[in-house]
file upload-v3.pdb (PDB, C-alpha atoms)
ATOM      1  CA  MET A   1     124.573 110.913  67.179
ATOM      2  CA  GLU A   2     120.831 110.231  67.162
ATOM      3  CA  TYR A   3     118.137 112.893  67.306
ATOM      4  CA  LYS A   4     115.806 112.702  70.319
ATOM      5  CA  ASP A   5     112.160 113.757  70.000
ATOM      6  CA  TYR A   6     111.475 115.030  73.520
ATOM      7  CA  TYR A   7     107.798 115.683  72.797
ATOM      8  CA  ALA A   8     107.296 112.079  71.654
ATOM      9  CA  ILE A   9     109.179 110.745  74.684
ATOM     10  CA  LEU A  10     106.750 112.530  77.033
ATOM     11  CA  GLY A  11     103.770 111.861  74.766
ATOM     12  CA  VAL A  12     102.705 115.521  74.502
ATOM     13  CA  GLY A  13     102.140 117.883  71.595
ATOM     14  CA  LYS A  14     104.440 120.748  70.691
ATOM     15  CA  LYS A  15     101.876 123.202  72.069
ATOM     16  CA  ALA A  16     101.543 121.421  75.417
ATOM     17  CA  SER A  17     101.347 123.716  78.435
ATOM     18  CA  ASP A  18     103.839 123.596  81.295
ATOM     19  CA  ASP A  19     101.250 121.785  83.438
ATOM     20  CA  GLU A  20     100.656 119.176  80.711
ATOM     21  CA  VAL A  21     104.400 118.605  80.399
ATOM     22  CA  LYS A  22     104.717 118.226  84.171
ATOM     23  CA  GLN A  23     101.776 115.810  84.406
ATOM     24  CA  ALA A  24     103.160 113.681  81.579
ATOM     25  CA  TYR A  25     106.562 113.577  83.261
ATOM     26  CA  ARG A  26     105.116 112.460  86.604
ATOM     27  CA  ARG A  27     103.003 109.765  84.960
ATOM     28  CA  LEU A  28     105.892 108.332  82.945
ATOM     29  CA  ALA A  29     108.385 108.654  85.802
ATOM     30  CA  ARG A  30     106.086 106.464  87.918
ATOM     31  CA  LYS A  31     105.634 104.024  85.031
ATOM     32  CA  TYR A  32     109.356 103.542  84.375
ATOM     33  CA  HIS A  33     110.713 104.064  87.886
ATOM     34  CA  PRO A  34     113.366 101.320  88.130
ATOM     35  CA  ASP A  35     112.436 100.182  91.646
ATOM     36  CA  VAL A  36     108.815  99.419  90.727
ATOM     37  CA  SER A  37     108.597  99.112  86.938
ATOM     38  CA  LYS A  38     108.454  95.774  85.145
ATOM     39  CA  GLU A  39     108.625  97.443  81.729
ATOM     40  CA  PRO A  40     111.473  96.379  79.406
ATOM     41  CA  GLN A  41     114.468  98.756  79.596
ATOM     42  CA  ALA A  42     112.722 100.742  82.311
ATOM     43  CA  GLU A  43     115.900 102.443  83.533
ATOM     44  CA  GLU A  44     116.837 103.705  80.057
ATOM     45  CA  LYS A  45     113.306 104.969  79.471
ATOM     46  CA  PHE A  46     113.355 106.614  82.906
ATOM     47  CA  LYS A  47     116.536 108.489  81.916
ATOM     48  CA  ASP A  48     114.971 109.563  78.599
ATOM     49  CA  VAL A  49     111.898 110.880  80.410
ATOM     50  CA  GLN A  50     114.062 112.869  82.834
ATOM     51  CA  GLU A  51     116.121 114.308  79.980
ATOM     52  CA  ALA A  52     113.034 115.286  77.987
ATOM     53  CA  TYR A  53     111.518 116.965  81.027
ATOM     54  CA  GLU A  54     114.793 118.823  81.726
ATOM     55  CA  VAL A  55     114.460 120.476  78.302
ATOM     56  CA  LEU A  56     110.707 121.026  77.994
ATOM     57  CA  LYS A  57     110.198 122.391  81.520
ATOM     58  CA  ASP A  58     112.766 125.153  80.828
ATOM     59  CA  SER A  59     111.326 127.850  78.557
ATOM     60  CA  GLN A  60     114.730 128.803  77.134
ATOM     61  CA  LYS A  61     115.886 125.265  76.434
ATOM     62  CA  ARG A  62     112.494 124.450  74.953
ATOM     63  CA  THR A  63     112.575 127.509  72.682
ATOM     64  CA  ALA A  64     116.077 126.618  71.529
ATOM     65  CA  TYR A  65     115.080 122.995  70.932
ATOM     66  CA  ASP A  66     112.070 124.121  68.875
ATOM     67  CA  GLN A  67     114.433 126.086  66.592
ATOM     68  CA  LEU A  68     115.706 122.763  65.223
ATOM     69  CA  GLY A  69     112.470 122.450  63.265
ATOM     70  CA  SER A  70     109.895 119.670  62.935
ATOM     71  CA  ASN A  71     111.527 117.637  60.151
ATOM     72  CA  TRP A  72     113.697 115.523  62.438
ATOM     73  CA  LYS A  73     112.635 112.041  63.527
ATOM     74  CA  ALA A  74     113.813 110.118  66.564
ATOM     75  CA  GLY A  75     116.828 107.925  65.797
ATOM     76  CA  GLN A  76     117.980 109.885  62.750
ATOM     77  CA  ASP A  77     121.638 110.839  62.529
ATOM     78  CA  PHE A  78     121.794 114.402  63.781
ATOM     79  CA  ARG A  79     124.084 117.388  63.625
ATOM     80  CA  PRO A  80     122.767 120.771  64.791
ATOM     81  CA  PRO A  81     122.401 123.182  61.863
ATOM     82  CA  PRO A  82     124.377 126.449  61.958
ATOM     83  CA  ASN A  83     122.843 129.170  64.128
ATOM     84  CA  TRP A  84     120.065 126.801  65.268
ATOM     85  CA  ASP A  85     119.660 128.859  68.433
ATOM     86  CA  GLN A  86     119.924 132.311  66.913
ATOM     87  CA  ASN A  87     116.453 133.393  68.029
ATOM     88  CA  THR A  88     116.883 132.186  71.587
ATOM     89  CA  ARG A  89     118.595 134.123  74.295
ATOM     90  CA  PHE A  90     120.972 132.170  76.535
ATOM     91  CA  TYR A  91     122.100 134.041  79.605
ATOM     92  CA  THR A  92     125.710 134.310  80.635
ATOM     93  CA  SER A  93     127.033 133.199  83.987
ATOM     94  CA  GLU A  94     127.363 136.799  85.111
ATOM     95  CA  GLU A  95     123.619 137.330  84.592
ATOM     96  CA  VAL A  96     122.142 134.248  86.207
ATOM     97  CA  GLY A  97     124.982 132.532  88.025
ATOM     98  CA  GLY A  98     125.611 129.738  85.510
ATOM     99  CA  PHE A  99     123.873 126.646  84.233
ATOM    100  CA  GLU A 100     122.957 123.398  85.896
ATOM    101  CA  ASP A 101     125.136 120.325  85.980
ATOM    102  CA  LEU A 102     124.274 118.361  82.841
ATOM    103  CA  GLY A 103     126.052 115.122  83.695
ATOM    104  CA  GLY A 104     124.303 111.836  82.961
ATOM    105  CA  PHE A 105     122.335 113.012  79.889
ATOM    106  CA  SER A 106     122.717 111.847  76.282
ATOM    107  CA  ASP A 107     125.234 113.030  73.697
ATOM    108  CA  PHE A 108     122.349 114.740  71.889
ATOM    109  CA  PHE A 109     121.524 116.786  74.989
ATOM    110  CA  SER A 110     125.175 117.579  75.701
ATOM    111  CA  THR A 111     125.778 118.716  72.123
ATOM    112  CA  LEU A 112     122.904 121.171  72.287
ATOM    113  CA  PHE A 113     123.138 122.411  75.847
ATOM    114  CA  GLY A 114     126.289 121.096  77.472
ATOM    115  CA  GLN A 115     129.255 122.181  75.370
ATOM    116  CA  ALA A 116     130.984 125.523  75.747
ATOM    117  CA  ARG A 117     130.552 127.714  72.677
ATOM    118  CA  GLN A 118     132.637 130.504  71.301
ATOM    119  CA  GLY A 119     131.466 134.027  71.796
ATOM    120  CA  GLY A 120     130.054 135.832  74.792
ATOM    121  CA  GLY A 121     127.137 138.096  75.483
ATOM    122  CA  ALA A 122     123.491 137.173  75.235
ATOM    123  CA  GLY A 123     123.843 134.658  72.397
ATOM    124  CA  GLY A 124     126.556 132.318  73.672
ATOM    125  CA  PHE A 125     127.692 129.955  76.436
ATOM    126  CA  SER A 126     130.746 131.919  77.456
ATOM    127  CA  GLY A 127     132.057 130.730  80.790
ATOM    128  CA  PHE A 128     129.687 127.727  80.829
ATOM    129  CA  GLN A 129     132.130 125.163  82.212
ATOM    130  CA  HIS A 130     132.910 127.384  85.171
ATOM    131  CA  ALA A 131     129.393 128.684  85.675
ATOM    132  CA  ARG A 132     127.578 125.372  85.747
ATOM    133  CA  GLN A 133     129.297 124.504  88.992
ATOM    134  CA  HIS A 134     127.772 127.485  90.768
ATOM    135  CA  ARG A 135     124.194 127.925  89.669
ATOM    136  CA  GLN A 136     121.676 126.602  92.164
ATOM    137  CA  GLN A 137     119.262 124.148  90.602
ATOM    138  CA  ARG A 138     116.437 122.363  92.407
ATOM    139  CA  GLY A 139     116.542 118.573  92.218
ATOM    140  CA  SER A 140     113.890 116.575  90.397
ATOM    141  CA  ASP A 141     110.871 115.151  92.205
ATOM    142  CA  GLN A 142     110.712 111.375  92.629
ATOM    143  CA  GLN A 143     107.824 108.926  92.869
ATOM    144  CA  ALA A 144     107.499 105.550  94.584
ATOM    145  CA  LYS A 145     104.749 103.233  95.860
ATOM    146  CA  ILE A 146     104.283 101.956  99.394
ATOM    147  CA  THR A 147     101.947  99.146 100.502
ATOM    148  CA  ILE A 148     100.148  99.338 103.846
ATOM    149  CA  SER A 149      97.449  97.329 105.630
ATOM    150  CA  LEU A 150      93.818  98.428 105.740
ATOM    151  CA  ASP A 151      94.134  98.762 109.536
ATOM    152  CA  ASP A 152      97.038 101.211 109.166
ATOM    153  CA  ALA A 153      95.118 103.148 106.532
ATOM    154  CA  TYR A 154      92.090 103.379 108.841
ATOM    155  CA  HIS A 155      93.846 104.290 112.083
ATOM    156  CA  GLY A 156      96.933 106.040 110.723
ATOM    157  CA  ALA A 157     100.450 104.887 111.564
ATOM    158  CA  THR A 158     104.132 105.701 111.462
ATOM    159  CA  LYS A 159     105.903 103.218 109.194
ATOM    160  CA  THR A 160     109.472 102.662 108.043
ATOM    161  CA  PHE A 161     110.113 101.615 104.450
ATOM    162  CA  GLN A 162     113.145 100.738 102.374
ATOM    163  CA  LEU A 163     113.028 102.065  98.828
ATOM    164  CA  GLN A 164     115.253 101.592  95.818
ATOM    165  CA  VAL A 165     115.614 105.087  94.388
ATOM    166  CA  PRO A 166     117.781 106.539  91.609
ATOM    167  CA  GLU A 167     120.458 108.977  92.714
ATOM    168  CA  VAL A 168     123.022 110.884  90.673
ATOM    169  CA  ASP A 169     126.591 110.478  91.913
ATOM    170  CA  SER A 170     129.407 113.027  91.772
ATOM    171  CA  HIS A 171     130.222 111.919  88.218
ATOM    172  CA  GLY A 172     126.694 112.530  86.985
ATOM    173  CA  GLN A 173     125.864 108.825  86.736
ATOM    174  CA  LEU A 174     122.454 107.465  87.737
ATOM    175  CA  ASN A 175     122.660 104.637  90.281
ATOM    176  CA  MET A 176     120.078 102.799  92.367
ATOM    177  CA  GLN A 177     120.453 103.314  96.107
ATOM    178  CA  THR A 178     118.573 101.805  99.062
ATOM    179  CA  ARG A 179     117.049 104.445 101.312
ATOM    180  CA  THR A 180     115.248 103.968 104.612
ATOM    181  CA  ILE A 181     112.474 106.484 105.145
ATOM    182  CA  LYS A 182     110.016 107.080 107.970
ATOM    183  CA  VAL A 183     106.497 107.987 106.887
ATOM    184  CA  ASN A 184     103.474 109.235 108.829
ATOM    185  CA  ILE A 185     100.367 107.608 107.343
ATOM    186  CA  PRO A 186      97.314 109.807 108.013
ATOM    187  CA  ALA A 187      94.127 108.200 109.312
ATOM    188  CA  GLY A 188      91.752 107.579 106.421
ATOM    189  CA  ALA A 189      94.451 107.156 103.775
ATOM    190  CA  LEU A 190      93.085 105.820 100.468
ATOM    191  CA  PRO A 191      94.578 103.838  97.566
ATOM    192  CA  GLY A 192      96.203 106.135  95.022
ATOM    193  CA  GLN A 193      96.649 108.931  97.540
ATOM    194  CA  GLN A 194     100.075 110.555  97.367
ATOM    195  CA  LEU A 195     102.099 111.585 100.391
ATOM    196  CA  ARG A 196     104.618 114.362  99.810
ATOM    197  CA  LEU A 197     107.947 114.191 101.608
ATOM    198  CA  ALA A 198     109.497 117.617 101.141
ATOM    199  CA  LYS A 199     113.137 117.670 100.003
ATOM    200  CA  GLN A 200     113.412 113.876  99.981
ATOM    201  CA  GLY A 201     113.751 113.621  96.186
ATOM    202  CA  MET A 202     116.751 114.014  93.902
ATOM    203  CA  PRO A 203     119.462 116.280  95.330
ATOM    204  CA  GLY A 204     119.913 119.686  93.727
ATOM    205  CA  SER A 205     123.035 120.915  91.995
ATOM    206  CA  GLY A 206     125.173 123.901  92.856
ATOM    207  CA  GLY A 207     123.799 123.964  96.361
ATOM    208  CA  GLY A 208     120.169 123.932  95.212
ATOM    209  CA  GLU A 209     117.544 122.283  97.383
ATOM    210  CA  ALA A 210     116.462 118.696  96.814
ATOM    211  CA  GLY A 211     113.240 117.838  95.053
ATOM    212  CA  ASP A 212     110.281 116.186  96.762
ATOM    213  CA  LEU A 213     109.472 112.502  97.128
ATOM    214  CA  TYR A 214     105.882 111.488  96.363
ATOM    215  CA  LEU A 215     104.726 108.171  97.820
ATOM    216  CA  GLU A 216     101.634 106.595  96.291
ATOM    217  CA  ILE A 217      99.625 104.438  98.698
ATOM    218  CA  GLU A 218      98.583 100.886  97.904
ATOM    219  CA  ILE A 219      96.457  98.907 100.383
ATOM    220  CA  GLN A 220      96.840  95.165 100.919
ATOM    221  CA  PRO A 221      93.729  92.991 100.448
ATOM    222  CA  ASN A 222      91.944  92.256 103.727
ATOM    223  CA  THR A 223      90.398  88.888 104.596
ATOM    224  CA  LEU A 224      87.178  90.440 105.955
ATOM    225  CA  PHE A 225      86.759  93.873 104.426
ATOM    226  CA  SER A 226      86.827  95.398 100.971
ATOM    227  CA  LEU A 227      87.142  99.111 100.224
ATOM    228  CA  LYS A 228      85.246 101.193  97.666
ATOM    229  CA  GLU A 229      86.221 104.863  97.888
ATOM    230  CA  ARG A 230      85.590 105.600 101.598
ATOM    231  CA  ASP A 231      82.974 102.881 102.126
ATOM    232  CA  ILE A 232      83.877  99.520 103.659
ATOM    233  CA  TYR A 233      82.059  96.301 102.719
ATOM    234  CA  LEU A 234      81.732  93.153 104.812
ATOM    235  CA  THR A 235      80.033  89.909 103.777
ATOM    236  CA  LEU A 236      77.614  88.918 106.571
ATOM    237  CA  PRO A 237      76.852  85.158 106.599
ATOM    238  CA  VAL A 238      73.528  84.331 108.330
ATOM    239  CA  SER A 239      71.569  81.131 108.925
ATOM    240  CA  PRO A 240      68.141  80.573 107.338
ATOM    241  CA  TRP A 241      66.392  80.968 110.708
ATOM    242  CA  GLU A 242      68.283  84.228 111.434
ATOM    243  CA  ALA A 243      67.207  85.524 108.036
ATOM    244  CA  ALA A 244      63.603  84.423 108.557
ATOM    245  CA  LEU A 245      63.129  85.388 112.203
ATOM    246  CA  GLY A 246      65.588  88.255 112.587
ATOM    247  CA  ALA A 247      68.558  88.357 114.957
ATOM    248  CA  GLU A 248      70.926  90.503 116.969
ATOM    249  CA  ILE A 249      74.438  89.987 115.564
ATOM    250  CA  LYS A 250      77.829  91.282 116.642
ATOM    251  CA  ILE A 251      79.793  92.245 113.538
ATOM    252  CA  PRO A 252      83.398  93.435 113.167
ATOM    253  CA  THR A 253      84.400  96.910 112.066
ATOM    254  CA  LEU A 254      87.869  98.416 111.808
ATOM    255  CA  ALA A 255      87.135 100.260 115.062
ATOM    256  CA  GLY A 256      85.894  97.148 116.928
ATOM    257  CA  LYS A 257      82.749  95.026 117.143
ATOM    258  CA  VAL A 258      79.308  96.626 117.099
ATOM    259  CA  GLY A 259      75.769  95.280 117.462
ATOM    260  CA  LEU A 260      73.571  95.002 114.374
ATOM    261  CA  LYS A 261      69.864  94.215 114.260
ATOM    262  CA  LEU A 262      68.829  91.942 111.411
ATOM    263  CA  ALA A 263      65.136  92.395 110.679
ATOM    264  CA  PRO A 264      62.951  89.332 109.911
ATOM    265  CA  GLY A 265      62.764  88.369 106.256
ATOM    266  CA  ALA A 266      66.333  89.266 105.295
ATOM    267  CA  LYS A 267      67.453  88.266 101.797
ATOM    268  CA  THR A 268      70.811  87.424 100.284
ATOM    269  CA  GLY A 269      72.406  90.526  98.801
ATOM    270  CA  GLN A 270      70.593  92.896 101.158
ATOM    271  CA  LYS A 271      72.869  95.709 102.371
ATOM    272  CA  LEU A 272      72.764  96.866 105.977
ATOM    273  CA  ARG A 273      74.335 100.290 106.483
ATOM    274  CA  LEU A 274      76.429 101.342 109.473
ATOM    275  CA  LYS A 275      76.627 105.099 109.058
ATOM    276  CA  GLY A 276      80.033 106.685 109.610
ATOM    277  CA  ARG A 277      81.791 103.337 110.178
ATOM    278  CA  GLY A 278      83.815 103.524 106.969
ATOM    279  CA  MET A 279      87.139 105.276 106.387
ATOM    280  CA  PRO A 280      87.694 108.505 108.353
ATOM    281  CA  GLY A 281      87.295 111.718 106.408
ATOM    282  CA  SER A 282      85.125 114.777 105.963
ATOM    283  CA  PRO A 283      82.585 113.250 105.779
ATOM    284  CA  PRO A 284      83.587 109.715 106.803
ATOM    285  CA  GLY A 285      82.498 106.728 104.762
ATOM    286  CA  ASP A 286      79.971 104.089 105.788
ATOM    287  CA  GLN A 287      80.265 100.360 106.394
ATOM    288  CA  TYR A 288      77.905  97.993 104.614
ATOM    289  CA  ALA A 289      77.157  94.451 105.792
ATOM    290  CA  VAL A 290      75.999  92.415 102.775
ATOM    291  CA  VAL A 291      73.713  89.539 103.789
ATOM    292  CA  GLN A 292      74.616  86.063 102.572
ATOM    293  CA  ILE A 293      72.235  83.288 103.664
ATOM    294  CA  GLN A 294      74.055  80.004 104.196
ATOM    295  CA  THR A 295      72.164  76.699 104.322
ATOM    296  CA  PRO A 296      73.308  73.913 106.653
ATOM    297  CA  LEU A 297      74.013  70.514 105.082
ATOM    298  CA  ALA A 298      71.736  67.531 105.806
ATOM    299  CA  ASP A 299      74.385  64.973 106.712
ATOM    300  CA  THR A 300      72.336  62.717 109.042
ATOM    301  CA  ALA A 301      68.986  61.011 108.919
ATOM    302  CA  ASP A 302      67.560  63.347 111.558
ATOM    303  CA  GLN A 303      68.729  66.380 109.637
ATOM    304  CA  ARG A 304      67.184  65.124 106.405
ATOM    305  CA  GLN A 305      63.948  64.393 108.251
ATOM    306  CA  PHE A 306      63.957  67.937 109.593
ATOM    307  CA  TYR A 307      64.277  69.360 106.062
ATOM    308  CA  GLU A 308      61.484  67.080 104.840
ATOM    309  CA  LYS A 309      59.228  68.387 107.601
ATOM    310  CA  MET A 310      60.151  71.960 106.652
ATOM    311  CA  ALA A 311      59.117  71.222 103.075
ATOM    312  CA  GLN A 312      55.697  70.077 104.346
ATOM    313  CA  VAL A 313      55.177  72.900 106.853
ATOM    314  CA  LEU A 314      56.611  75.640 104.622
ATOM    315  CA  PRO A 315      55.339  75.086 101.087
ATOM    316  CA  PHE A 316      57.790  77.655  99.715
ATOM    317  CA  ASN A 317      58.526  77.886  96.003
ATOM    318  CA  PRO A 318      61.419  80.258  95.218
ATOM    319  CA  ARG A 319      60.685  79.924  91.462
ATOM    320  CA  LYS A 320      57.052  80.954  91.574
ATOM    321  CA  ASP A 321      57.694  84.076  89.490
ATOM    322  CA  TRP A 322      59.173  82.110  86.594
ATOM    323  CA  ARG A 323      57.079  82.151  83.478
TER     324      ARG A 323
END

call {"tool": "encode", "arguments": {"input": "upload-v3.pdb", "output": "structure tokens"}}
result
Amino acid sequence: MEYKDYYAILGVGKKASDDEVKQAYRRLARKYHPDVSKEPQAEEKFKDVQEAYEVLKDSQKRTAYDQLGSNWKAGQDFRPPPNWDQNTRFYTSEEVGGFEDLGGFSDFFSTLFGQARQGGGAGGFSGFQHARQHRQQRGSDQQAKITISLDDAYHGATKTFQLQVPEVDSHGQLNMQTRTIKVNIPAGALPGQQLRLAKQGMPGSGGGEAGDLYLEIEIQPNTLFSLKERDIYLTLPVSPWEAALGAEIKIPTLAGKVGLKLAPGAKTGQKLRLKGRGMPGSPPGDQYAVVQIQTPLADTADQRQFYEKMAQVLPFNPRKDWR
């Protein structure tokens, strides 16, 4: 049986706080989640992360695990030393109503926490096999990603998604199941934002409530608009005469077309701000129209003659500041 270094699996130090352990678990669970991860052996790593979190989130299991000492290395052949848990108090089923169902974890975990031990009272696992069926234990939280359009993110929407999520069956085995979920997307949703679906995560054991499902939002690229935080950017192509003389232009926004006044002398790269036309929020973002002057081609003799006349009438040198 191989020793498992739960701290190394989660990438935290032995003095990590409960919040640091939880944050590391959520990050790695997203990284190795089998329905989204492209990492090698993602499912096995996902199981290891869940097992490590099961121990380190529980103060009593963590204390007992720490009693094994710091000389062990992951992968070494392991047998628990005598009285390894002598300084840790394990409660009996009469005191706390039993222990959680430990099915689906490694032999290392089961040897330490899942086998009935001789002796009762505060130092043993007397009655464990019976008690673990009765203690209520909350299910683990789950994470997944959903992809929505920029329009849905702006306006808000109710969407239905199918997700591949891990679920533990009655035998304690982890299997991938397809679930259909209905999600309310709030107006102004941003990339990376997480939506919490209460009690939609892993089911609990012993009648305990299910964990939560956290959905991380991704937004599809849009052909017209780009998003930076809450601000929306639009490239605004204009003709040379519109840039030189000014113009009234109808431009698109996610809420519909609006009029924009282009002042004479506009330059490529100039940003025109439409206040409050970005993503909804408190405060809302802005929309920026970025000027891009486009020059017509001279495909005919008349068109070339027109450009030649412009060169005579407008002796303009764009490189005059070169040294």

call {"tool": "resolve_selection", "arguments": {"input": "upload-v3.pdb", "expression": "the PyMOL selection byres ((chain A and resi 210) around 10)", "output": "list in words"}}
result
Gln137, Arg138, Gly139, Ser140, Asp141, Ala198, Lys199, Gln200, Gly201, Met202, Pro203, Gly204, Ser205, Gly207, Gly208, Glu209, Gly211, Asp212 and Leu213 of chain A

call {"tool": "closest_atom_pairs", "arguments": {"input": "upload-v3.pdb", "of": "range 15-47 of chain A", "to": "range 142-164 of chain A", "cutoff": "10 Å", "atoms": "all atoms listed in the file", "output": "Markdown table"}}
result
| residue | atom | partner | partner_atom | distance |
| --- | --- | --- | --- | --- |
| A:Arg26 | CA | A:Gln143 | CA | 7.7 |
| A:Arg27 | CA | A:Gln143 | CA | 9.3 |
| A:Ala29 | CA | A:Gln143 | CA | 7.1 |
| A:Arg30 | CA | A:Gln143 | CA | 5.8 |
| A:Lys31 | CA | A:Gln143 | CA | 9.5 |
| A:His33 | CA | A:Gln143 | CA | 7.5 |
| A:Pro34 | CA | A:Gln164 | CA | 7.9 |
| A:Asp35 | CA | A:Gln164 | CA | 5.2 |
| A:Val36 | CA | A:Ala144 | CA | 7.4 |

call {"tool": "write_last_selection", "arguments": {"input": "upload-v3.pdb", "atoms": "C-alpha atoms", "output": "PDB file, keeping the file's coordinate frame"}}
result
ATOM      1  CA  ARG A  26     105.116 112.460  86.604  1.00  0.00           C
ATOM      2  CA  ARG A  27     103.003 109.765  84.960  1.00  0.00           C
ATOM      3  CA  ALA A  29     108.385 108.654  85.802  1.00  0.00           C
ATOM      4  CA  ARG A  30     106.086 106.464  87.918  1.00  0.00           C
ATOM      5  CA  LYS A  31     105.634 104.024  85.031  1.00  0.00           C
ATOM      6  CA  HIS A  33     110.713 104.064  87.886  1.00  0.00           C
ATOM      7  CA  PRO A  34     113.366 101.320  88.130  1.00  0.00           C
ATOM      8  CA  ASP A  35     112.436 100.182  91.646  1.00  0.00           C
ATOM      9  CA  VAL A  36     108.815  99.419  90.727  1.00  0.00           C
TER      10      VAL A  36
END

call {"tool": "atom_distance", "arguments": {"input": "upload-v3.pdb", "atom1": "CA of Met279 in chain A", "atom2": "CA of Gly188 in chain A"}}
result
5.2 Å

call {"tool": "closest_residue", "arguments": {"input": "upload-v3.pdb", "among": "A:Asp19, A:Tyr65, A:Arg230, A:Leu224", "to": "Ser282 in chain A", "atoms": "only C-alpha atoms"}}
result
A:Arg230

call {"tool": "axis_aligned_box", "arguments": {"input": "upload-v3.pdb", "around": "range 260-266 of chain A", "padding_each_side": "6 Å", "output": "lines of an AutoDock Vina configuration file"}}
result
center_x = 68.2
center_y = 91.7
center_z = 109.8
size_x = 22.8
size_y = 18.6
size_z = 21.1

call {"tool": "resolve_selection", "arguments": {"input": "upload-v3.pdb", "expression": "the PyMOL selection byres ((chain A and resi 56) around 10)", "output": "short mmCIF file (atom, residue, chain, number, x, y, z; two decimals) with C-alpha atoms, keeping the file's coordinate frame"}}
result
data_model
loop_
_atom_site.label_atom_id
_atom_site.label_comp_id
_atom_site.auth_asym_id
_atom_site.auth_seq_id
_atom_site.Cartn_x
_atom_site.Cartn_y
_atom_site.Cartn_z
CA TYR A 6 111.48 115.03 73.52
CA TYR A 7 107.80 115.68 72.80
CA LEU A 10 106.75 112.53 77.03
CA LYS A 14 104.44 120.75 70.69
CA ALA A 16 101.54 121.42 75.42
CA SER A 17 101.35 123.72 78.44
CA ASP A 18 103.84 123.60 81.30
CA VAL A 21 104.40 118.60 80.40
CA LYS A 22 104.72 118.23 84.17
CA GLU A 51 116.12 114.31 79.98
CA ALA A 52 113.03 115.29 77.99
CA TYR A 53 111.52 116.96 81.03
CA GLU A 54 114.79 118.82 81.73
CA VAL A 55 114.46 120.48 78.30
CA LYS A 57 110.20 122.39 81.52
CA ASP A 58 112.77 125.15 80.83
CA SER A 59 111.33 127.85 78.56
CA GLN A 60 114.73 128.80 77.13
CA LYS A 61 115.89 125.26 76.43
CA ARG A 62 112.49 124.45 74.95
CA THR A 63 112.58 127.51 72.68
CA TYR A 65 115.08 123.00 70.93
CA ASP A 66 112.07 124.12 68.88
#

call {"tool": "closest_residue", "arguments": {"input": "upload-v3.pdb", "among": "A:Leu190, A:Leu112, A:Val291, A:Leu262", "to": "Lys4 in chain A", "atoms": "only C-alpha atoms"}}
result
A:Leu112

call {"tool": "atom_distance", "arguments": {"input": "upload-v3.pdb", "atom1": "CA of Lys47 in chain A", "atom2": "CA of Glu218 in chain A"}}
result
25.2 Å

call {"tool": "atom_distance", "arguments": {"input": "upload-v3.pdb", "atom1": "CA of Ala8 in chain A", "atom2": "CA of Tyr32 in chain A"}}
result
15.5 Å

call {"tool": "residues_around", "arguments": {"input": "upload-v3.pdb", "residues": "Lys271 in chain A", "least_positions_apart": "4", "cutoff": "6 Å", "atoms": "all atoms listed in the file", "output": "list in words"}}
result
Tyr288, Ala289 and Val290 of chain A

call {"tool": "closest_residue", "arguments": {"input": "upload-v3.pdb", "among": "A:Val238, A:Pro283, A:Arg319, A:Gln312", "to": "Ala263 in chain A", "atoms": "only C-alpha atoms"}}
result
A:Val238

call {"tool": "resolve_selection", "arguments": {"input": "upload-v3.pdb", "expression": "the PyMOL selection byres ((chain A and resi 278) around 9)", "output": "PyMOL selection string"}}
result
chain A and resi 154+188+227+230-233+253-254+274-277+279-281+284-288

call {"tool": "closest_residue", "arguments": {"input": "upload-v3.pdb", "among": "A:Gly11, A:Gln67, A:Glu43, A:Gln305", "to": "Met176 in chain A", "atoms": "only C-alpha atoms"}}
result
A:Glu43
